[in-house]
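Accompanying notes for the structure given below.
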Amino acid sequence: MFSNILCKFWMAICLAGPLVLGACRLGPPEPPAVPGAEGLTPAQRWVAAVGSREVPADVRRGAVQHIAGTSAGGERVYVDLYQAVLRDADTDSTVAAACAMALAQHGGAEHGPDVARLLNDPTDYTRWQAAVALQRLYSPAVAGDLVRTLEDEDADVRTAVAVALGQYPRRDVFDALLRTLEDPDYGVARAAERSLGVMTGHPQGDDPRAWQRLAESRGSQLFADAQTYTFRVYGGPGRFFGGGAAVEVSGGSSPSP
């Protein structure tokens, strides 16, 4: 039996699957086995794997990544699927993180709050992936959540958050990044310094006093020379990926604030 996650839009997926996902190059690999899905097309079985709680987390995660990587992965029905799975309280955190990355790739500002909820996840890896997703998902509503996460216990999370905040040139973010220049982890402080340079267009190094003088001298024009924010490809935290592996993010620009 399929979970309730799919009930809301299963008919739309059944109609769209053969026309959209079925038109993409989906295999190999073969779609996973899903209880009760024997009569579905291969494309629909990928979708069923994402939404079924009876499917192991690693298989669900792979199915999310597979669909998101197809040419049809940004169709509205699939974006709704990523969001529904992410919102489900019973979803495994690694599956939720995969959905967050899929929304970062195909979603919009309205999906920011759903992704930002993962910043409170007990797992360091999930919080880090949420922060990385928010590097490419421009959503002003989550700037406050990102600022609060600069206090996260994990340095990799704080680093990713400091990068994401570079796309929000506003004074509360500036002040939070200014404090972060004194973070005990060099990578976090360096990320904060770069984001301050992006949002002001006036690099001042790692001395908080220099940034304070800049803010005083520029006043209301502090962000008048802001540079275009771009997100980057980052390797995963070392304890999660041996040797570092590229996450599912590629370079590009966010919308202007």
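By convention in this document, the chains of the structure tokens carry letters A, B, ... by their order, each chain's residues are numbered from 1, and ligands are numbered from 1 in the order they are shown.
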
Stretch 117-202 of chain A near stretch 226-232 of chain A within 12 Å: what's each residue's closest atom pair and its distance in Å to one decimal, counting only C-alpha atoms, ordered by chain then ascending residue number, as JSON lines?
{"residue": "A:Ala131", "atom": "CA", "partner": "A:Phe231", "partner_atom": "CA", "distance": 11.7}
{"residue": "A:Val132", "atom": "CA", "partner": "A:Phe231", "partner_atom": "CA", "distance": 9.1}
{"residue": "A:Ala133", "atom": "CA", "partner": "A:Phe231", "partner_atom": "CA", "distance": 10.0}
{"residue": "A:Leu134", "atom": "CA", "partner": "A:Phe231", "partner_atom": "CA", "distance": 9.7}
{"residue": "A:Gln135", "atom": "CA", "partner": "A:Phe231", "partner_atom": "CA", "distance": 6.0}
{"residue": "A:Arg136", "atom": "CA", "partner": "A:Phe231", "partner_atom": "CA", "distance": 6.1}
{"residue": "A:Leu137", "atom": "CA", "partner": "A:Phe231", "partner_atom": "CA", "distance": 9.7}
{"residue": "A:Tyr138", "atom": "CA", "partner": "A:Tyr229", "partner_atom": "CA", "distance": 10.2}
{"residue": "A:Ala160", "atom": "CA", "partner": "A:Phe231", "partner_atom": "CA", "distance": 10.4}
{"residue": "A:Val161", "atom": "CA", "partner": "A:Phe231", "partner_atom": "CA", "distance": 11.7}
{"residue": "A:Ala162", "atom": "CA", "partner": "A:Phe231", "partner_atom": "CA", "distance": 11.6}
{"residue": "A:Val163", "atom": "CA", "partner": "A:Phe231", "partner_atom": "CA", "distance": 7.9}
{"residue": "A:Ala164", "atom": "CA", "partner": "A:Phe231", "partner_atom": "CA", "distance": 7.8}
{"residue": "A:Leu165", "atom": "CA", "partner": "A:Tyr229", "partner_atom": "CA", "distance": 9.6}
{"residue": "A:Gly166", "atom": "CA", "partner": "A:Tyr229", "partner_atom": "CA", "distance": 6.6}
{"residue": "A:Gln167", "atom": "CA", "partner": "A:Tyr229", "partner_atom": "CA", "distance": 5.5}
{"residue": "A:Tyr168", "atom": "CA", "partner": "A:Tyr229", "partner_atom": "CA", "distance": 8.9}
{"residue": "A:Pro169", "atom": "CA", "partner": "A:Ala226", "partner_atom": "CA", "distance": 7.4}
{"residue": "A:Arg170", "atom": "CA", "partner": "A:Ala226", "partner_atom": "CA", "distance": 10.5}
{"residue": "A:Ala191", "atom": "CA", "partner": "A:Arg232", "partner_atom": "CA", "distance": 11.8}
{"residue": "A:Arg194", "atom": "CA", "partner": "A:Tyr229", "partner_atom": "CA", "distance": 10.5}
{"residue": "A:Ser195", "atom": "CA", "partner": "A:Tyr229", "partner_atom": "CA", "distance": 8.6}
{"residue": "A:Leu196", "atom": "CA", "partner": "A:Ala226", "partner_atom": "CA", "distance": 9.3}
{"residue": "A:Gly197", "atom": "CA", "partner": "A:Ala226", "partner_atom": "CA", "distance": 8.0}
{"residue": "A:Val198", "atom": "CA", "partner": "A:Gln227", "partner_atom": "CA", "distance": 5.0}
{"residue": "A:Met199", "atom": "CA", "partner": "A:Ala226", "partner_atom": "CA", "distance": 4.5}
{"residue": "A:Thr200", "atom": "CA", "partner": "A:Ala226", "partner_atom": "CA", "distance": 4.6}
{"residue": "A:Gly201", "atom": "CA", "partner": "A:Ala226", "partner_atom": "CA", "distance": 4.7}
{"residue": "A:His202", "atom": "CA", "partner": "A:Ala226", "partner_atom": "CA", "distance": 8.2}

Output for the residues just chosen: N, CA and C atoms as a CSV table (one decimal), in the first residue's frame:
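part-v3.csv was written with the following content:
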chain,number,residue,atom,x,y,z
A,131,ALA,N,21.5,23.8,4.8
A,131,ALA,CA,22.2,25.0,4.6
A,131,ALA,C,22.8,25.1,3.2
A,132,VAL,N,23.3,24.0,2.7
A,132,VAL,CA,23.8,24.1,1.3
A,132,VAL,C,22.7,24.3,0.3
A,133,ALA,N,21.5,23.7,0.6
A,133,ALA,CA,20.4,23.9,-0.3
A,133,ALA,C,20.0,25.4,-0.3
A,134,LEU,N,20.0,26.0,0.9
A,134,LEU,CA,19.6,27.4,1.0
A,134,LEU,C,20.7,28.3,0.4
A,135,GLN,N,21.9,27.8,0.0
A,135,GLN,CA,22.8,28.7,-0.7
A,135,GLN,C,22.3,29.0,-2.1
A,136,ARG,N,21.5,28.1,-2.7
A,136,ARG,CA,21.0,28.3,-4.0
A,136,ARG,C,19.5,28.6,-4.1
A,137,LEU,N,18.9,28.6,-3.0
A,137,LEU,CA,17.4,28.9,-2.9
A,137,LEU,C,17.2,30.2,-2.3
A,138,TYR,N,17.0,31.3,-3.1
A,138,TYR,CA,16.8,32.6,-2.6
A,138,TYR,C,15.4,32.8,-2.0
A,160,ALA,N,28.5,26.7,5.9
A,160,ALA,CA,27.5,26.7,4.8
A,160,ALA,C,26.5,27.8,5.0
A,161,VAL,N,26.1,28.0,6.3
A,161,VAL,CA,25.2,29.1,6.5
A,161,VAL,C,25.8,30.5,6.2
A,162,ALA,N,27.0,30.7,6.6
A,162,ALA,CA,27.7,32.0,6.4
A,162,ALA,C,27.7,32.2,4.9
A,163,VAL,N,28.0,31.2,4.1
A,163,VAL,CA,28.0,31.4,2.6
A,163,VAL,C,26.6,31.8,2.1
A,164,ALA,N,25.5,31.1,2.6
A,164,ALA,CA,24.2,31.3,2.2
A,164,ALA,C,23.7,32.7,2.5
A,165,LEU,N,24.2,33.3,3.6
A,165,LEU,CA,23.8,34.6,4.0
A,165,LEU,C,24.3,35.7,3.1
A,166,GLY,N,25.3,35.4,2.3
A,166,GLY,CA,25.8,36.4,1.4
A,166,GLY,C,24.8,37.0,0.4
A,167,GLN,N,23.7,36.3,0.2
A,167,GLN,CA,22.7,36.8,-0.7
A,167,GLN,C,21.6,37.7,-0.1
A,168,TYR,N,21.8,38.1,1.2
A,168,TYR,CA,20.9,38.9,1.9
A,168,TYR,C,21.5,40.2,2.4
A,169,PRO,N,21.7,41.2,1.6
A,169,PRO,CA,22.4,42.4,2.0
A,169,PRO,C,21.4,43.3,2.8
A,170,ARG,N,21.4,43.0,4.1
A,170,ARG,CA,20.6,43.8,5.1
A,170,ARG,C,21.4,43.9,6.4
A,191,ALA,N,34.3,32.3,5.5
A,191,ALA,CA,33.1,32.3,4.8
A,191,ALA,C,32.3,33.6,5.1
A,194,ARG,N,33.9,36.5,3.3
A,194,ARG,CA,33.6,36.6,1.9
A,194,ARG,C,32.1,37.1,1.7
A,195,SER,N,31.2,36.6,2.5
A,195,SER,CA,29.8,37.1,2.3
A,195,SER,C,29.7,38.6,2.6
A,196,LEU,N,30.4,39.1,3.6
A,196,LEU,CA,30.4,40.5,3.9
A,196,LEU,C,30.9,41.3,2.7
A,197,GLY,N,32.0,40.7,2.0
A,197,GLY,CA,32.5,41.4,0.8
A,197,GLY,C,31.5,41.4,-0.3
A,198,VAL,N,30.8,40.3,-0.5
A,198,VAL,CA,29.7,40.2,-1.5
A,198,VAL,C,28.6,41.2,-1.3
A,199,MET,N,28.2,41.3,-0.1
A,199,MET,CA,27.0,42.2,0.2
A,199,MET,C,27.3,43.6,0.2
A,200,THR,N,28.6,44.0,0.4
A,200,THR,CA,29.0,45.4,0.5
A,200,THR,C,29.7,45.8,-0.8
A,201,GLY,N,30.4,44.9,-1.4
A,201,GLY,CA,31.3,45.2,-2.5
A,201,GLY,C,32.6,45.9,-2.1
A,202,HIS,N,32.9,45.9,-0.8
A,202,HIS,CA,34.1,46.6,-0.3
A,202,HIS,C,34.8,45.6,0.7

Tell me which protein, DNA and RNA residues are within 9 Å of stretch 62-64 of chain A, counting only C-alpha atoms, leaving out same-chain ones fewer than 4 positions away, and put them as a list in words.
-> Pro31, Pro32, Trp46, Val47, Ala48, Ala49, Val50, Ala57, Asp58, Ala68, Gly69, Tyr82, Val95, Ala98, Cys99 and Ala102 of chain A

Surrounding residues of stretch 141-155 of chain A excluding itself and chain neighbours under 6 positions, 9 Å, only C-alpha atoms, as a list in words |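 Surrounding residues, per the criterion: Ala109, Glu110, Gly112, Pro113, Val115, Ala116, Arg117, Leu119, Asn120, Asp124, Trp128, Ala131, Leu134, Val161, Ala162, Ala164, Leu165, Tyr168, Asp172, Val173, Ala176, Leu177, Thr180, Asp185, Gly187 and Val188 of chain A.
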
For the selection you just gave me, I'd like the residues written to a file as a short mmCIF file (atom, residue, chain, number, x, y, z; two decimals), in the first residue's frame, keeping N, CA and C atoms.
data_model
loop_
_atom_site.label_atom_id
_atom_site.label_comp_id
_atom_site.auth_asym_id
_atom_site.auth_seq_id
_atom_site.Cartn_x
_atom_site.Cartn_y
_atom_site.Cartn_z
N ALA A 109 11.31 30.52 -3.95
CA ALA A 109 11.38 31.15 -2.62
C ALA A 109 10.36 30.58 -1.66
N GLU A 110 9.20 30.15 -2.18
CA GLU A 110 8.15 29.63 -1.32
C GLU A 110 8.54 28.33 -0.63
N GLY A 112 11.58 27.84 0.65
CA GLY A 112 12.62 28.11 1.62
C GLY A 112 12.26 27.72 3.04
N PRO A 113 11.08 28.11 3.55
CA PRO A 113 10.73 27.75 4.93
C PRO A 113 10.70 26.25 5.19
N VAL A 115 12.59 23.97 3.68
CA VAL A 115 13.98 23.55 3.76
C VAL A 115 14.60 24.04 5.06
N ALA A 116 14.29 25.26 5.47
CA ALA A 116 14.88 25.84 6.67
C ALA A 116 14.53 25.06 7.93
N ARG A 117 13.40 24.37 7.93
CA ARG A 117 13.04 23.58 9.11
C ARG A 117 14.09 22.50 9.40
N LEU A 119 17.13 22.91 9.39
CA LEU A 119 18.24 23.51 10.13
C LEU A 119 18.16 23.17 11.61
N ASN A 120 17.01 22.65 12.05
CA ASN A 120 16.83 22.25 13.45
C ASN A 120 16.94 20.74 13.64
N ASP A 124 23.79 16.37 12.21
CA ASP A 124 24.67 17.39 11.63
C ASP A 124 24.59 17.39 10.10
N TRP A 128 23.56 20.45 7.62
CA TRP A 128 24.51 20.94 6.62
C TRP A 128 23.90 20.93 5.22
N ALA A 131 21.53 23.77 4.82
CA ALA A 131 22.24 25.04 4.62
C ALA A 131 22.80 25.15 3.21
N LEU A 134 20.05 25.99 0.88
CA LEU A 134 19.64 27.39 1.00
C LEU A 134 20.68 28.33 0.41
N VAL A 161 26.11 28.04 6.25
CA VAL A 161 25.16 29.11 6.55
C VAL A 161 25.77 30.47 6.24
N ALA A 162 27.03 30.67 6.63
CA ALA A 162 27.68 31.95 6.37
C ALA A 162 27.75 32.23 4.88
N ALA A 164 25.54 31.05 2.59
CA ALA A 164 24.16 31.32 2.16
C ALA A 164 23.73 32.74 2.49
N LEU A 165 24.20 33.28 3.59
CA LEU A 165 23.77 34.62 4.01
C LEU A 165 24.32 35.73 3.11
N TYR A 168 21.84 38.06 1.17
CA TYR A 168 20.86 38.91 1.85
C TYR A 168 21.53 40.17 2.40
N ASP A 172 20.80 43.40 9.67
CA ASP A 172 20.85 42.36 10.69
C ASP A 172 21.76 41.21 10.26
N VAL A 173 21.76 40.90 8.97
CA VAL A 173 22.64 39.85 8.46
C VAL A 173 24.10 40.32 8.52
N ALA A 176 25.33 40.04 12.04
CA ALA A 176 25.55 38.65 12.44
C ALA A 176 26.84 38.11 11.83
N LEU A 177 27.10 38.44 10.57
CA LEU A 177 28.33 37.99 9.93
C LEU A 177 29.55 38.68 10.53
N THR A 180 30.49 36.81 13.38
CA THR A 180 31.02 35.50 12.99
C THR A 180 32.48 35.58 12.56
N ASP A 185 36.52 28.75 14.42
CA ASP A 185 36.88 27.94 13.26
C ASP A 185 37.23 28.87 12.10
N GLY A 187 37.50 28.34 8.87
CA GLY A 187 36.65 28.21 7.68
C GLY A 187 35.35 29.00 7.83
N VAL A 188 34.79 29.00 9.01
CA VAL A 188 33.55 29.75 9.26
C VAL A 188 33.83 31.24 9.13
#

Assign secondary structure with DSSP using the backbone only, and return the residues of stretch 24-136 of chain A in helix (DSSP H, G or I) as a PyMOL selection string.
-> chain A and resi 42-51+57-68+76-87+93-106+109-120+124-136

Atomic separation - atom CA of A:Gln65 relative to atom CA of A:Tyr125, Å = 16.6 Å

Pairwise distance for atom CA of A:Asp183 and atom CA of A:Pro203, rounded to one decimal in Å | 18.2 Å

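Taking atom CA of A:Ser139 as the reference point, atom CA of A:Pro184 is found at 28.3 Å.
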
Got a sec: who's within 12 Å of A:Arg209, counting only C-alpha atoms, leaving out chain neighbours fewer than 6 positions off, as a VMD selection string?
-> chain A and resid 175 178 to 179 181 to 182 215 to 216

Could you pull out the strand (DSSP E or B) residues of stretch 64-246 of chain A from DSSP and send them as a PyMOL selection string?
-> chain A and resi 230-231+235+246

Output file for the selection above: C-alpha atoms, as a PDB file, in the first residue's frame:
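Output file again-v6.pdb is given in full below:
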ATOM      1  CA  THR A 230      26.940  33.247  -6.665  1.00  0.00           C
ATOM      2  CA  PHE A 231      26.782  29.854  -5.041  1.00  0.00           C
ATOM      3  CA  GLY A 235      32.766  19.120  -0.960  1.00  0.00           C
ATOM      4  CA  ALA A 246      30.726  17.152  -4.710  1.00  0.00           C
TER       5      ALA A 246
END
